[in-house]
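Below is one structure, written out as structure tokens, with a few remarks after it.
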Amino acid sequence: MPYKVYLKRGEEKRIVAGHSWVYANEVAKIEGKDKNGSLAEVYSFDGRFIGKGYINHLSKILVRIFLRGEEEDGEEFYKKKIGEAAQLREKLFGKDSDCYRIVFAEADGLPALIADRYGEYIVLELLSLGTDLRKKEIVNAFVSLFSPKGIYLRGDAPVRLKEGLTQENGVLYGDVPDKIFVTENGLKMSVDVKNGQKTGYFLDQKENRYAVRRYCRNARVLDCFCNSGGFSLNAATQAKEVTALDISAFALQNVEENAALNGFSNIRTVCADAFAQLRAFRAEGRKFDTVILDPPAFCKSAAEVKDAYRGYKDVNISAMKLVEKGGFLVTCSCSHYMTAPLFEKMLRESAREAGKQAKILEVRVQAPDHPALLAAEETSYLKAFFLQIL
């Protein structure tokens with residue numbers, strides 16, 4: 001008998017509005033018996049049907065709802081939903097891009113499923129027990145829709161452990177090379193989908209990387225937390241010189257490879273901790289016309305916000321002091337817990353403590369292949385503020 005999950009009184013409002021997650025502490029009672037990862041029916045306190053999703057008693061997110069009617073999951077369902085998500089990307093990009101996110105989990109009605117396209121290959125993240133148990137149906141749906149040369153699973157995300165899953169990577173279909181070559185914003189990129197961050201590359205910053213070009217004309221640019229060099233390469237199309245800074249030697253090898261692919265000779269790499277190196281640059285009296293900050297998420301839970309705020313403030317104060325008067329700071333946060341108003345407050349305090357005036361020129365978000373669902377604030381996470389420092 002399938003599980004029937006009944007919510008506490010009033011807890012259904014957020015979910016009826018379109019959110020997918022049912023937390024264990026929102027549940028009044030559970031009837032029935034089935035396996036973890038099976039489909040469970042979710043009802044309001046007074047017995048109104050809300051939807052169905054995969055259940056996992058090992059997770060704080062007890063159920064992730066993705067069926068709101070009588071339909072059932074399975075290969076045909078996945079084919080339909082993935083096809084709908086792909087249609088949006090085709091409208092957005094047409095033939096202009098060969099690297100983008102095909103499926104963005106909750107925002108595309110497929111919780112815990114992420115799929116990125118890199119040329120003729122697809123990289124999946126299956127972040128719940130329910131989706132992992134159905135990897136065969138999901139892979140078959142992608143093969144049917146896209147006929148890729150290969151599909152690769154990046155199963156090393158820490159959240160899999162919370163779902164009772166192992167962390168493992170591997171080829172799910174066809175063959176997948178160690179390096180995949182794609183084109184982003186007219187630039188050639190070598191993506192290591194097996195060892196790079198996340199699925200190999202951060203596709204969500206694609207349009208922000210292109211936007212940075214106007215702030216780098218004939219400039220000395222410092223790109224901090226540069227990873228594979230997406231911002232560095234876009235800056236190099238306009239800049240006099242670009243310093244790509246990251247603590248990972250592996251990432252900087254990728255930057256150098258990508259610079260060579262595009263014939264750039266104006267990018268140099270520095271392997272160091274960004275916080276320490278920014279202070280070292282200040283001690284040396286170094287200045288830059290444009291500084292870019294794209295750090296990893298400093299907070300992955302609400303409990304970490306206070307410490308993350310201090311971290312963001314520290315690095316932004318240092319960066320502001322390194323910018324020539326009239327120059328630019330492009331500063332980002334990829335944590336949804338660091339909301340846009342809170343991030344702007346931090347920047348205001350940073351400017352004051354750095355003794356600088358700052359103008360907001362642009363505020364940008366994640367690329368449209370990473371849509372944000374209004375009903376699920378967690379899907380709106382990326383902020384990029386483009387500032388002039390005076």
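So you can find residues: chains in the structure tokens are A, B, ... in the order shown, residues in each start at 1, and ligands are numbered from 1 in order.
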
List as a count of residues only the protein and nucleic acid residues near stretch 361-374 of chain A, meaning an atom at most 8 Å away when only C-alpha atoms are counted, but skip any in the same chain fewer than 4 places from it.
25

Apply DSSP to the backbone of this structure and, from stretch 10-48 of chain A, keep only the residues in helix (DSSP H, G or I); write these as a VMD selection string.
chain A and resid 13 to 16 24 to 26

Spatial neighbours of A:Arg348, max dist 10 Å, only C-alpha atoms, sep filter under 5 positions, as a PDB file with C-alpha atoms, in the first residue's frame:
ATOM      1  CA  LYS A 313      32.341  41.776   3.731  1.00  0.00           C
ATOM      2  CA  LEU A 342      21.196  41.355   2.478  1.00  0.00           C
ATOM      3  CA  PHE A 343      23.980  41.269  -0.102  1.00  0.00           C
ATOM      4  CA  GLU A 353      34.371  50.789   5.838  1.00  0.00           C
ATOM      5  CA  ALA A 354      36.650  50.850   2.798  1.00  0.00           C
ATOM      6  CA  LYS A 356      34.740  54.444  -0.841  1.00  0.00           C
ATOM      7  CA  GLN A 357      31.687  55.707  -2.650  1.00  0.00           C
ATOM      8  CA  ALA A 358      30.067  53.191  -4.982  1.00  0.00           C
TER       9      ALA A 358
END

Atom CA of A:Phe288 to atom CA of A:Thr243, straight-line distance in Å:
9.6 Å

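Between atom CA of A:Ser59 and atom CA of A:Tyr152 the interatomic distance comes to 25.0 Å.
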
Among the residues A:Leu233, A:Ala141, A:Ile317, A:Val305, the one that comes closest to A:Arg268 [using only C-alpha atoms]:
A:Leu233

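Checking A:Gly355, A:Gly37, A:Gly94, A:Gly109 one by one against A:Arg68, counting only C-alpha atoms, you find the shortest gap at A:Gly109.
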
Need the shell around A:Gly170: protein/DNA/RNA residues with any atom at most 8 Å away, counting only C-alpha atoms. Skip same-chain ones fewer than 3 positions apart. Format as a list of chain:residue names?
A:Tyr152, A:Leu153, A:Arg154, A:Gly155

Limited to C-alpha atoms, could you put the picked residues into a file as a tab-separated table (two decimals), in the first residue's frame?
chain	number	residue	atom	x	y	z
A	152	TYR	CA	27.77	11.08	-17.49
A	153	LEU	CA	26.63	11.00	-13.86
A	154	ARG	CA	28.23	13.47	-11.45
A	155	GLY	CA	27.24	11.78	-8.23

Can you tell me, as a ChimeraX atom specification, which residues in stretch 57-147 of chain A count as strand (DSSP E) by DSSP?
/A:61-67,99-104,113-118,121-126

Can I get the selected residues back with C-alpha atoms, as a PDB file, in the first residue's frame?
ATOM      1  CA  ILE A  61      12.860  16.757   2.913  1.00  0.00           C
ATOM      2  CA  LEU A  62      10.484  13.840   3.361  1.00  0.00           C
ATOM      3  CA  VAL A  63       8.708  14.169  -0.007  1.00  0.00           C
ATOM      4  CA  ARG A  64       9.576  16.089  -3.177  1.00  0.00           C
ATOM      5  CA  ILE A  65       6.284  16.630  -5.006  1.00  0.00           C
ATOM      6  CA  PHE A  66       6.331  16.681  -8.809  1.00  0.00           C
ATOM      7  CA  LEU A  67       2.981  15.114  -9.782  1.00  0.00           C
ATOM      8  CA  CYS A  99      26.381  24.431 -23.571  1.00  0.00           C
ATOM      9  CA  TYR A 100      23.488  25.154 -21.236  1.00  0.00           C
ATOM     10  CA  ARG A 101      21.344  23.637 -18.495  1.00  0.00           C
ATOM     11  CA  ILE A 102      18.564  21.509 -19.975  1.00  0.00           C
ATOM     12  CA  VAL A 103      16.804  20.702 -16.681  1.00  0.00           C
ATOM     13  CA  PHE A 104      16.995  22.767 -13.499  1.00  0.00           C
ATOM     14  CA  LEU A 113      17.229  16.300 -11.304  1.00  0.00           C
ATOM     15  CA  ILE A 114      19.842  18.478 -12.997  1.00  0.00           C
ATOM     16  CA  ALA A 115      21.011  18.021 -16.574  1.00  0.00           C
ATOM     17  CA  ASP A 116      23.625  20.084 -18.403  1.00  0.00           C
ATOM     18  CA  ARG A 117      24.430  19.918 -22.081  1.00  0.00           C
ATOM     19  CA  TYR A 118      28.042  20.133 -23.203  1.00  0.00           C
ATOM     20  CA  TYR A 121      27.166  15.067 -24.198  1.00  0.00           C
ATOM     21  CA  ILE A 122      24.854  15.350 -21.201  1.00  0.00           C
ATOM     22  CA  VAL A 123      25.923  15.456 -17.554  1.00  0.00           C
ATOM     23  CA  LEU A 124      23.370  14.495 -14.908  1.00  0.00           C
ATOM     24  CA  GLU A 125      23.074  15.109 -11.199  1.00  0.00           C
ATOM     25  CA  LEU A 126      20.558  12.875  -9.404  1.00  0.00           C
TER      26      LEU A 126
END

All residues 12 Å or closer to A:Lys188, only C-alpha atoms, same chain fewer than 5 positions away omitted, as a PyMOL selection string:
chain A and resi 97-99+119+180-183+228-230+233-234+254-255+257-264

Keeping only N, CA and C atoms, write the selected residues as a PDB file, in the first residue's frame.
ATOM      1  N   SER A  97      24.089  28.281 -28.953  1.00  0.00           N
ATOM      2  CA  SER A  97      24.865  27.788 -27.828  1.00  0.00           C
ATOM      3  C   SER A  97      24.857  26.269 -27.804  1.00  0.00           C
ATOM      4  N   ASP A  98      26.007  25.683 -27.508  1.00  0.00           N
ATOM      5  CA  ASP A  98      26.074  24.226 -27.367  1.00  0.00           C
ATOM      6  C   ASP A  98      26.384  23.824 -25.927  1.00  0.00           C
ATOM      7  N   CYS A  99      26.217  24.769 -24.991  1.00  0.00           N
ATOM      8  CA  CYS A  99      26.381  24.431 -23.571  1.00  0.00           C
ATOM      9  C   CYS A  99      25.366  25.229 -22.758  1.00  0.00           C
ATOM     10  N   GLY A 119      27.984  20.285 -25.620  1.00  0.00           N
ATOM     11  CA  GLY A 119      28.111  19.759 -26.969  1.00  0.00           C
ATOM     12  C   GLY A 119      27.189  18.576 -27.172  1.00  0.00           C
ATOM     13  N   ILE A 180      35.680  17.901 -22.877  1.00  0.00           N
ATOM     14  CA  ILE A 180      34.678  18.217 -23.895  1.00  0.00           C
ATOM     15  C   ILE A 180      34.876  19.677 -24.300  1.00  0.00           C
ATOM     16  N   PHE A 181      34.906  19.940 -25.588  1.00  0.00           N
ATOM     17  CA  PHE A 181      35.138  21.294 -26.072  1.00  0.00           C
ATOM     18  C   PHE A 181      33.822  21.912 -26.525  1.00  0.00           C
ATOM     19  N   VAL A 182      33.515  23.081 -25.949  1.00  0.00           N
ATOM     20  CA  VAL A 182      32.272  23.784 -26.250  1.00  0.00           C
ATOM     21  C   VAL A 182      32.586  25.244 -26.572  1.00  0.00           C
ATOM     22  N   THR A 183      31.550  25.965 -26.978  1.00  0.00           N
ATOM     23  CA  THR A 183      31.701  27.396 -27.261  1.00  0.00           C
ATOM     24  C   THR A 183      30.719  28.173 -26.401  1.00  0.00           C
ATOM     25  N   SER A 228      37.553  27.962 -13.845  1.00  0.00           N
ATOM     26  CA  SER A 228      38.046  27.598 -15.175  1.00  0.00           C
ATOM     27  C   SER A 228      38.357  28.798 -16.054  1.00  0.00           C
ATOM     28  N   GLY A 229      38.078  29.999 -15.548  1.00  0.00           N
ATOM     29  CA  GLY A 229      38.448  31.204 -16.278  1.00  0.00           C
ATOM     30  C   GLY A 229      37.369  31.811 -17.146  1.00  0.00           C
ATOM     31  N   GLY A 230      36.107  31.492 -16.857  1.00  0.00           N
ATOM     32  CA  GLY A 230      35.023  32.059 -17.657  1.00  0.00           C
ATOM     33  C   GLY A 230      35.028  33.579 -17.676  1.00  0.00           C
ATOM     34  N   LEU A 233      38.404  34.947 -19.394  1.00  0.00           N
ATOM     35  CA  LEU A 233      38.425  34.893 -20.858  1.00  0.00           C
ATOM     36  C   LEU A 233      37.582  35.993 -21.477  1.00  0.00           C
ATOM     37  N   ASN A 234      36.396  36.221 -20.922  1.00  0.00           N
ATOM     38  CA  ASN A 234      35.557  37.299 -21.437  1.00  0.00           C
ATOM     39  C   ASN A 234      36.219  38.658 -21.208  1.00  0.00           C
ATOM     40  N   ASN A 254      43.359  24.666 -16.210  1.00  0.00           N
ATOM     41  CA  ASN A 254      42.236  24.783 -17.137  1.00  0.00           C
ATOM     42  C   ASN A 254      42.161  26.198 -17.717  1.00  0.00           C
ATOM     43  N   VAL A 255      42.428  27.213 -16.882  1.00  0.00           N
ATOM     44  CA  VAL A 255      42.457  28.600 -17.366  1.00  0.00           C
ATOM     45  C   VAL A 255      43.510  28.751 -18.454  1.00  0.00           C
ATOM     46  N   GLU A 257      44.835  26.450 -20.322  1.00  0.00           N
ATOM     47  CA  GLU A 257      44.423  25.695 -21.503  1.00  0.00           C
ATOM     48  C   GLU A 257      43.400  26.477 -22.314  1.00  0.00           C
ATOM     49  N   ASN A 258      42.428  27.074 -21.627  1.00  0.00           N
ATOM     50  CA  ASN A 258      41.391  27.840 -22.317  1.00  0.00           C
ATOM     51  C   ASN A 258      41.939  29.124 -22.940  1.00  0.00           C
ATOM     52  N   ALA A 259      42.891  29.756 -22.267  1.00  0.00           N
ATOM     53  CA  ALA A 259      43.536  30.943 -22.837  1.00  0.00           C
ATOM     54  C   ALA A 259      44.257  30.576 -24.134  1.00  0.00           C
ATOM     55  N   ALA A 260      44.968  29.448 -24.123  1.00  0.00           N
ATOM     56  CA  ALA A 260      45.684  29.000 -25.325  1.00  0.00           C
ATOM     57  C   ALA A 260      44.718  28.654 -26.451  1.00  0.00           C
ATOM     58  N   LEU A 261      43.582  28.042 -26.111  1.00  0.00           N
ATOM     59  CA  LEU A 261      42.586  27.684 -27.124  1.00  0.00           C
ATOM     60  C   LEU A 261      42.101  28.911 -27.885  1.00  0.00           C
ATOM     61  N   ASN A 262      42.065  30.056 -27.195  1.00  0.00           N
ATOM     62  CA  ASN A 262      41.547  31.285 -27.794  1.00  0.00           C
ATOM     63  C   ASN A 262      42.641  32.253 -28.230  1.00  0.00           C
ATOM     64  N   GLY A 263      43.902  31.838 -28.070  1.00  0.00           N
ATOM     65  CA  GLY A 263      45.010  32.674 -28.508  1.00  0.00           C
ATOM     66  C   GLY A 263      45.241  33.900 -27.656  1.00  0.00           C
ATOM     67  N   PHE A 264      44.834  33.852 -26.369  1.00  0.00           N
ATOM     68  CA  PHE A 264      45.036  34.999 -25.483  1.00  0.00           C
ATOM     69  C   PHE A 264      46.429  34.926 -24.842  1.00  0.00           C
TER      70      PHE A 264
END

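Of the listed residues (A:Tyr78, A:Tyr210, A:Phe202, A:Tyr215), A:Phe202 comes nearest to A:Asn227; the distances count only C-alpha atoms.
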
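From atom CA of A:Cys332 back to atom CA of A:Leu245, the distance works out to 15.4 Å.
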